[in-house]
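Coordinates as given in target.txt (compact mmCIF, C-alpha atoms):
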# COMPACT_ATOMS: atom_id res chain seq x y z
CA MET H 1 150.82 124.83 104.70
CA LYS H 2 147.56 123.59 106.22
CA LYS H 3 144.72 122.65 103.93
CA LYS H 4 141.62 124.80 104.27
CA MET H 5 138.62 122.84 105.57
CA ASN H 6 135.92 122.33 102.97
CA ILE H 7 133.01 123.74 105.00
CA HIS H 8 129.85 124.64 103.09
CA PRO H 9 127.17 127.17 104.09
CA PHE H 10 124.13 126.12 106.10
CA ASP H 11 121.81 125.88 103.08
CA TYR H 12 124.12 123.27 101.51
CA TYR H 13 123.72 120.88 104.46
CA ALA H 14 120.02 121.67 104.86
CA LEU H 15 119.30 120.81 101.22
CA LEU H 16 121.54 117.75 101.46
CA PHE H 17 119.62 116.64 104.56
CA PHE H 18 116.20 116.99 102.95
CA THR H 19 117.31 115.45 99.65
CA THR H 20 118.77 112.34 101.27
CA ALA H 21 115.96 112.10 103.85
CA PHE H 22 113.51 112.01 100.94
CA ALA H 23 115.67 109.48 99.08
CA GLY H 24 115.67 107.23 102.17
CA TRP H 25 111.89 107.50 102.48
CA LEU H 26 111.49 106.72 98.77
CA TRP H 27 113.80 103.69 99.10
CA GLU H 28 111.74 102.20 101.93
CA VAL H 29 108.44 102.96 100.19
CA LEU H 30 109.67 101.20 97.05
CA LEU H 31 110.79 98.18 99.10
CA TYR H 32 107.28 97.75 100.48
CA LEU H 33 105.72 98.30 97.07
CA ILE H 34 107.90 95.52 95.65
CA THR H 35 107.70 93.05 98.56
CA ASP H 36 104.18 93.64 99.94
CA HIS H 37 102.53 95.42 96.99
CA THR H 38 101.30 98.19 99.26
CA PHE H 39 102.14 101.84 99.91
CA VAL H 40 103.53 102.47 103.39
CA ASN H 41 104.42 105.93 104.68
CA ARG H 42 107.44 104.84 106.71
CA GLY H 43 108.87 106.72 109.66
CA VAL H 44 107.80 108.70 112.71
CA TYR H 45 106.79 111.75 110.66
CA ARG H 46 103.95 112.21 108.18
CA GLY H 47 105.99 113.91 105.47
CA PRO H 48 107.95 112.13 102.73
CA TYR H 49 111.28 112.01 104.55
CA LEU H 50 113.18 109.84 107.02
CA PRO H 51 115.44 112.12 109.10
CA ILE H 52 117.76 109.26 110.10
CA TYR H 53 118.88 109.01 106.45
CA GLY H 54 119.40 112.76 106.22
CA VAL H 55 121.40 112.94 109.43
CA GLY H 56 123.48 109.91 108.45
CA CYS H 57 124.29 111.33 105.02
CA VAL H 58 125.28 114.74 106.37
CA LEU H 59 127.54 113.04 108.94
CA LEU H 60 129.18 110.89 106.27
CA ILE H 61 129.80 113.88 104.01
CA LEU H 62 131.35 115.85 106.88
CA MET H 63 133.52 112.95 108.02
CA PHE H 64 134.56 111.15 104.84
CA HIS H 65 134.26 113.45 101.81
CA ARG H 66 138.07 113.57 101.56
CA LEU H 67 138.14 109.76 101.13
CA ARG H 68 136.25 109.84 97.83
CA ARG H 69 139.12 108.10 96.05
CA HIS H 70 139.07 105.26 98.60
CA PRO H 71 135.63 103.62 98.24
CA VAL H 72 136.56 100.54 100.29
CA VAL H 73 137.53 102.69 103.27
CA VAL H 74 134.35 104.73 102.83
CA PHE H 75 132.33 101.49 102.71
CA VAL H 76 133.75 100.22 106.03
CA CYS H 77 133.56 103.57 107.82
CA SER H 78 130.02 104.25 106.58
CA GLY H 79 128.82 100.85 107.76
CA ILE H 80 130.21 101.46 111.25
CA VAL H 81 128.97 105.06 111.63
CA CYS H 82 125.48 104.43 110.23
CA SER H 83 125.02 101.25 112.27
CA ALA H 84 125.89 103.21 115.43
CA LEU H 85 123.42 105.92 114.39
CA GLU H 86 120.68 103.37 113.67
CA TYR H 87 121.24 101.63 116.99
CA GLY H 88 121.20 104.87 118.97
CA THR H 89 118.08 106.09 117.18
CA GLY H 90 116.29 102.79 117.69
CA VAL H 91 117.04 102.75 121.41
CA TRP H 92 115.97 106.40 121.81
CA LEU H 93 112.68 105.92 119.94
CA GLU H 94 111.91 102.80 121.96
CA ARG H 95 112.58 104.52 125.27
CA LYS H 96 110.63 107.66 124.30
CA TRP H 97 107.47 106.05 122.91
CA GLY H 98 107.73 102.39 123.88
CA ILE H 99 107.53 101.46 120.19
CA ARG H 100 109.95 99.97 117.68
CA TRP H 101 109.78 101.31 114.14
CA TRP H 102 112.04 98.45 112.93
CA ASP H 103 113.15 95.12 114.34
CA TYR H 104 115.96 92.90 113.00
CA SER H 105 115.53 90.18 115.64
CA GLY H 106 115.15 87.46 113.01
CA HIS H 107 118.15 88.58 110.93
CA ILE H 108 121.70 87.21 110.96
CA GLY H 109 124.17 89.18 113.05
CA ASN H 110 121.56 91.37 114.75
CA PHE H 111 122.28 93.23 117.97
CA ASP H 112 119.25 93.67 120.23
CA GLY H 113 117.09 93.80 117.10
CA HIS H 114 118.17 97.39 116.39
CA ILE H 115 120.91 96.64 113.85
CA CYS H 116 122.01 93.63 111.82
CA LEU H 117 124.73 92.56 109.41
CA ALA H 118 122.63 93.07 106.27
CA SER H 119 121.69 96.63 107.22
CA SER H 120 125.31 97.46 108.06
CA ILE H 121 126.44 96.22 104.65
CA GLY H 122 123.65 98.22 103.04
CA PHE H 123 124.76 101.34 104.89
CA GLY H 124 128.33 100.75 103.76
CA LEU H 125 127.28 100.47 100.12
CA GLY H 126 124.99 103.48 100.46
CA GLY H 127 127.77 105.54 102.02
CA ALA H 128 130.20 104.65 99.22
CA LEU H 129 127.61 105.65 96.61
CA LEU H 130 126.87 108.86 98.50
CA ILE H 131 130.49 109.98 98.79
CA CYS H 132 131.85 108.69 95.49
CA VAL H 133 128.89 109.19 93.15
CA PHE H 134 126.05 111.30 94.58
CA GLN H 135 127.93 114.18 96.23
CA PRO H 136 129.69 115.37 93.04
CA VAL H 137 126.30 115.45 91.26
CA PHE H 138 124.64 117.21 94.21
CA ASN H 139 127.45 119.80 94.24
CA LYS H 140 126.84 120.66 90.58
CA LEU H 141 123.09 121.01 91.07
CA TYR H 142 123.60 123.08 94.22
CA HIS H 143 125.91 125.57 92.52
CA ARG H 144 123.54 125.94 89.56
CA MET H 145 120.79 127.26 91.87
CA THR H 146 120.65 130.91 92.82
CA ILE H 147 121.14 131.90 96.45
CA GLY H 148 117.54 133.12 96.55
CA LEU H 149 116.19 129.79 95.35
CA ARG H 150 118.34 127.85 97.81
CA MET H 151 117.25 129.99 100.76
CA THR H 152 113.57 129.82 99.74
CA LEU H 153 113.71 126.02 99.53
CA CYS H 154 115.45 125.81 102.90
CA ILE H 155 112.88 128.03 104.63
CA VAL H 156 109.90 126.15 103.15
CA PHE H 157 111.36 122.71 103.93
CA LEU H 158 112.35 123.73 107.48
CA LEU H 159 108.92 125.21 108.29
CA VAL H 160 107.14 122.09 107.05
CA PHE H 161 109.58 119.82 108.90
CA ILE H 162 109.29 121.73 112.20
CA ALA H 163 105.48 121.63 112.05
CA ASP H 164 105.59 117.90 111.24
CA ALA H 165 108.04 117.24 114.09
CA ALA H 166 105.84 119.11 116.58
CA TYR H 167 102.82 117.06 115.51
CA ALA H 168 104.78 113.79 115.57
CA ALA H 169 106.00 114.55 119.11
CA MET H 170 102.37 114.28 120.25
CA THR H 171 101.11 111.62 117.81
CA PRO H 172 103.91 109.72 116.03
CA ASN H 173 103.16 107.93 112.79
CA MET H 174 102.54 104.24 113.47
CA GLY H 175 100.47 101.29 112.33
CA ASN H 176 100.70 98.24 110.08
CA HIS H 177 104.12 97.97 108.34
CA ILE H 178 105.21 101.25 110.01
CA THR H 179 105.95 100.03 113.53
CA ALA H 180 107.30 96.58 114.35
CA HIS H 181 105.74 96.15 117.80
CA VAL H 182 104.87 97.90 121.05
CA ILE H 183 106.76 97.46 124.31
CA LEU H 184 103.99 96.22 126.59
CA ALA H 185 105.93 95.94 129.84
CA VAL H 186 109.02 97.38 131.49
CA GLU H 187 110.90 95.57 134.24
CA LYS H 188 111.73 98.56 136.42
CA SER H 189 113.96 96.58 138.79
CA ASP H 190 116.76 96.18 136.27
CA HIS H 191 115.63 98.85 133.75
CA GLN H 192 115.36 96.34 130.92
CA TYR H 193 112.62 96.40 128.32
CA LYS H 194 110.52 93.31 127.95
CA VAL H 195 109.69 93.20 124.25
CA MET H 196 106.35 91.70 123.29
CA HIS H 197 105.99 91.06 119.54
CA THR H 198 102.59 92.64 119.10
CA ALA H 199 101.64 94.50 115.92
CA ALA H 200 101.24 98.21 116.54
Using structure tokens, write down the structure from this file.
Amino acid sequence: MKKKMNIHPFDYYALLFFTTAFAGWLWEVLLYLITDHTFVNRGVYRGPYLPIYGVGCVLLILMFHRLRRHPVVVFVCSGIVCSALEYGTGVWLERKWGIRWWDYSGHIGNFDGHICLASSIGFGLGGALLICVFQPVFNKLYHRMTIGLRMTLCIVFLLVFIADAAYAAMTPNMGNHITAHVILAVEKSDHQYKVMHTAA
């Protein structure tokens, strides 16, 4: 007999997205508070969320939630999937706006400055914590909320996010500590970006 797929309703994934996107934003804000003693609103958007974390976490839950009892496997798979997501996002942002929001060029095991070994390990650890520790807690909190409350939160969060995304499409969030550098020139003959390390 085939096992029934554990598919949740839309509001489950929407709330998971916004919760983990906020957690990712908070993580990066705390890093700058500790290392540079300054508040930095990281990311392309103005709101307190980093969509790349939300998308990554939803993908990991969909792909690996059945591997909760195998944290090592989750660690490896999460590192691979999230590194691919980070690389793809970095390339897309750079091509769209000519700006890098992060650059690992000086890190060990980096690939084109978009990903590096340390970030991949961090993603692996984060994925293992997400699947093995956070998701069971999130499930309990989710089921304790009424359907009305869940839908209200989803609508409010989505409206704010859509408005923020529309604004960011015209004027993305950038500046000191937010963007790594601007792409000043493009070699059109071979379609390769010539990266100039200039503060945005």
Counting only C-alpha atoms, figure out which residue out of H:Ala84, H:Leu159, H:Met174, H:Ala168 gets nearest to Tyr45 of chain H.
H:Ala168
Residues within 6 Å of (123.6, 90.2, 113.3), counting only C-alpha atoms, listed as number ranges by chain:
H: 108-111, 116-117
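Across the model, the gap from atom CA of Gly88 of chain H to atom CA of Ala165 of chain H is 18.7 Å.
Atom to atom, atom CA of Met170 of chain H and atom CA of Leu158 of chain H stand 18.8 Å apart.
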Between H:Thr179, H:Thr152, H:Ser78, H:Thr19, single out the one closest to Asn41 of chain H, counting all atoms listed in the file.
H:Thr179
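The interatomic distance for the pair atom CA of Ile80 of chain H and atom CA of Tyr13 of chain H works out to 21.6 Å.
Proximity ranking of H:Gly124, H:Gly79, H:Gly43, H:Gly148 relative to Leu93 of chain H places H:Gly43 first, based on all atoms listed in the file.
Each of H:Gly113, H:Gly47, H:Gly24, H:Gly90 was compared to Phe161 of chain H using all atoms listed in the file, and H:Gly47 turns out to be the nearest.
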With only C-alpha atoms as the counted atoms, please give the residues lying no more than 9 Å from segment 58-63 of chain H, apart from itself and same-chain residues fewer than 4 positions off, as a ChimeraX atom specification.
/H:6-7,13-14,16-17,20,53-54,67,74,77-78,81-82,127,130-131,135
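Between Pro136 of chain H and the candidates H:Lys96, H:His114, H:His65, H:His8, the tightest atom-to-atom separation, counting all atoms listed in the file, involves H:His65.
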Ile147 of chain H: which residues within 12 Å, counting only C-alpha atoms, same-chain residues fewer than 6 positions away excluded, as a ChimeraX atom specification?
/H:9-12,153-154
Would you save segment 62-86 of chain H from the block above with N, CA, C and O atoms, as a PDB file, in the first residue's frame?
ATOM      1  N   LEU H  62       9.869  20.266   2.016  1.00  0.00           N
ATOM      2  CA  LEU H  62       9.183  19.470   0.998  1.00  0.00           C
ATOM      3  C   LEU H  62      10.017  18.262   0.563  1.00  0.00           C
ATOM      4  O   LEU H  62       9.485  17.172   0.345  1.00  0.00           O
ATOM      5  N   MET H  63      11.322  18.452   0.471  1.00  0.00           N
ATOM      6  CA  MET H  63      12.184  17.408  -0.069  1.00  0.00           C
ATOM      7  C   MET H  63      12.667  16.394   0.963  1.00  0.00           C
ATOM      8  O   MET H  63      12.809  15.210   0.652  1.00  0.00           O
ATOM      9  N   PHE H  64      12.916  16.854   2.201  1.00  0.00           N
ATOM     10  CA  PHE H  64      13.639  15.994   3.148  1.00  0.00           C
ATOM     11  C   PHE H  64      12.947  15.754   4.493  1.00  0.00           C
ATOM     12  O   PHE H  64      13.571  15.221   5.401  1.00  0.00           O
ATOM     13  N   HIS H  65      11.664  16.132   4.615  1.00  0.00           N
ATOM     14  CA  HIS H  65      11.026  15.975   5.931  1.00  0.00           C
ATOM     15  C   HIS H  65      10.948  14.506   6.365  1.00  0.00           C
ATOM     16  O   HIS H  65      10.929  14.204   7.549  1.00  0.00           O
ATOM     17  N   ARG H  66      10.943  13.589   5.393  1.00  0.00           N
ATOM     18  CA  ARG H  66      10.875  12.167   5.735  1.00  0.00           C
ATOM     19  C   ARG H  66      12.222  11.630   6.252  1.00  0.00           C
ATOM     20  O   ARG H  66      12.290  10.514   6.754  1.00  0.00           O
ATOM     21  N   LEU H  67      13.283  12.432   6.124  1.00  0.00           N
ATOM     22  CA  LEU H  67      14.616  11.997   6.551  1.00  0.00           C
ATOM     23  C   LEU H  67      14.971  12.530   7.940  1.00  0.00           C
ATOM     24  O   LEU H  67      16.147  12.595   8.296  1.00  0.00           O
ATOM     25  N   ARG H  68      13.963  12.901   8.715  1.00  0.00           N
ATOM     26  CA  ARG H  68      14.189  13.511  10.019  1.00  0.00           C
ATOM     27  C   ARG H  68      15.048  12.640  10.931  1.00  0.00           C
ATOM     28  O   ARG H  68      15.790  13.145  11.769  1.00  0.00           O
ATOM     29  N   ARG H  69      14.958  11.348  10.789  1.00  0.00           N
ATOM     30  CA  ARG H  69      15.735  10.432  11.629  1.00  0.00           C
ATOM     31  C   ARG H  69      17.143  10.192  11.095  1.00  0.00           C
ATOM     32  O   ARG H  69      17.879   9.376  11.632  1.00  0.00           O
ATOM     33  N   HIS H  70      17.504  10.886  10.022  1.00  0.00           N
ATOM     34  CA  HIS H  70      18.827  10.736   9.417  1.00  0.00           C
ATOM     35  C   HIS H  70      19.485  12.108   9.261  1.00  0.00           C
ATOM     36  O   HIS H  70      19.623  12.618   8.135  1.00  0.00           O
ATOM     37  N   PRO H  71      19.885  12.719  10.369  1.00  0.00           N
ATOM     38  CA  PRO H  71      20.420  14.094  10.337  1.00  0.00           C
ATOM     39  C   PRO H  71      21.656  14.276   9.460  1.00  0.00           C
ATOM     40  O   PRO H  71      21.844  15.336   8.877  1.00  0.00           O
ATOM     41  N   VAL H  72      22.503  13.245   9.362  1.00  0.00           N
ATOM     42  CA  VAL H  72      23.705  13.358   8.527  1.00  0.00           C
ATOM     43  C   VAL H  72      23.326  13.482   7.053  1.00  0.00           C
ATOM     44  O   VAL H  72      23.875  14.310   6.311  1.00  0.00           O
ATOM     45  N   VAL H  73      22.353  12.685   6.630  1.00  0.00           N
ATOM     46  CA  VAL H  73      21.875  12.756   5.249  1.00  0.00           C
ATOM     47  C   VAL H  73      21.236  14.112   4.986  1.00  0.00           C
ATOM     48  O   VAL H  73      21.460  14.733   3.938  1.00  0.00           O
ATOM     49  N   VAL H  74      20.447  14.581   5.954  1.00  0.00           N
ATOM     50  CA  VAL H  74      19.806  15.891   5.824  1.00  0.00           C
ATOM     51  C   VAL H  74      20.864  16.990   5.725  1.00  0.00           C
ATOM     52  O   VAL H  74      20.747  17.922   4.927  1.00  0.00           O
ATOM     53  N   PHE H  75      21.920  16.874   6.526  1.00  0.00           N
ATOM     54  CA  PHE H  75      23.015  17.848   6.512  1.00  0.00           C
ATOM     55  C   PHE H  75      23.637  17.950   5.120  1.00  0.00           C
ATOM     56  O   PHE H  75      23.801  19.051   4.570  1.00  0.00           O
ATOM     57  N   VAL H  76      23.980  16.808   4.531  1.00  0.00           N
ATOM     58  CA  VAL H  76      24.628  16.788   3.209  1.00  0.00           C
ATOM     59  C   VAL H  76      23.688  17.322   2.138  1.00  0.00           C
ATOM     60  O   VAL H  76      24.058  18.187   1.327  1.00  0.00           O
ATOM     61  N   CYS H  77      22.457  16.819   2.123  1.00  0.00           N
ATOM     62  CA  CYS H  77      21.490  17.227   1.104  1.00  0.00           C
ATOM     63  C   CYS H  77      21.150  18.710   1.221  1.00  0.00           C
ATOM     64  O   CYS H  77      21.023  19.415   0.208  1.00  0.00           O
ATOM     65  N   SER H  78      21.006  19.199   2.447  1.00  0.00           N
ATOM     66  CA  SER H  78      20.683  20.614   2.662  1.00  0.00           C
ATOM     67  C   SER H  78      21.808  21.512   2.175  1.00  0.00           C
ATOM     68  O   SER H  78      21.569  22.556   1.556  1.00  0.00           O
ATOM     69  N   GLY H  79      23.050  21.113   2.446  1.00  0.00           N
ATOM     70  CA  GLY H  79      24.187  21.895   1.986  1.00  0.00           C
ATOM     71  C   GLY H  79      24.227  22.012   0.474  1.00  0.00           C
ATOM     72  O   GLY H  79      24.494  23.094  -0.078  1.00  0.00           O
ATOM     73  N   ILE H  80      23.927  20.912  -0.212  1.00  0.00           N
ATOM     74  CA  ILE H  80      23.947  20.908  -1.678  1.00  0.00           C
ATOM     75  C   ILE H  80      22.816  21.761  -2.248  1.00  0.00           C
ATOM     76  O   ILE H  80      23.028  22.627  -3.100  1.00  0.00           O
ATOM     77  N   VAL H  81      21.588  21.523  -1.765  1.00  0.00           N
ATOM     78  CA  VAL H  81      20.417  22.231  -2.295  1.00  0.00           C
ATOM     79  C   VAL H  81      20.501  23.736  -2.030  1.00  0.00           C
ATOM     80  O   VAL H  81      20.272  24.560  -2.922  1.00  0.00           O
ATOM     81  N   CYS H  82      20.848  24.119  -0.800  1.00  0.00           N
ATOM     82  CA  CYS H  82      20.893  25.539  -0.452  1.00  0.00           C
ATOM     83  C   CYS H  82      22.050  26.262  -1.143  1.00  0.00           C
ATOM     84  O   CYS H  82      21.926  27.440  -1.489  1.00  0.00           O
ATOM     85  N   SER H  83      23.154  25.569  -1.347  1.00  0.00           N
ATOM     86  CA  SER H  83      24.268  26.176  -2.081  1.00  0.00           C
ATOM     87  C   SER H  83      23.867  26.450  -3.524  1.00  0.00           C
ATOM     88  O   SER H  83      24.201  27.502  -4.086  1.00  0.00           O
ATOM     89  N   ALA H  84      23.145  25.497  -4.132  1.00  0.00           N
ATOM     90  CA  ALA H  84      22.659  25.696  -5.501  1.00  0.00           C
ATOM     91  C   ALA H  84      21.682  26.870  -5.555  1.00  0.00           C
ATOM     92  O   ALA H  84      21.724  27.684  -6.487  1.00  0.00           O
ATOM     93  N   LEU H  85      20.815  26.956  -4.540  1.00  0.00           N
ATOM     94  CA  LEU H  85      19.855  28.062  -4.479  1.00  0.00           C
ATOM     95  C   LEU H  85      20.574  29.399  -4.303  1.00  0.00           C
ATOM     96  O   LEU H  85      20.237  30.386  -4.964  1.00  0.00           O
ATOM     97  N   GLU H  86      21.577  29.433  -3.426  1.00  0.00           N
ATOM     98  CA  GLU H  86      22.313  30.678  -3.192  1.00  0.00           C
ATOM     99  C   GLU H  86      23.065  31.098  -4.450  1.00  0.00           C
ATOM    100  O   GLU H  86      23.096  32.291  -4.796  1.00  0.00           O
TER     101      GLU H  86
END
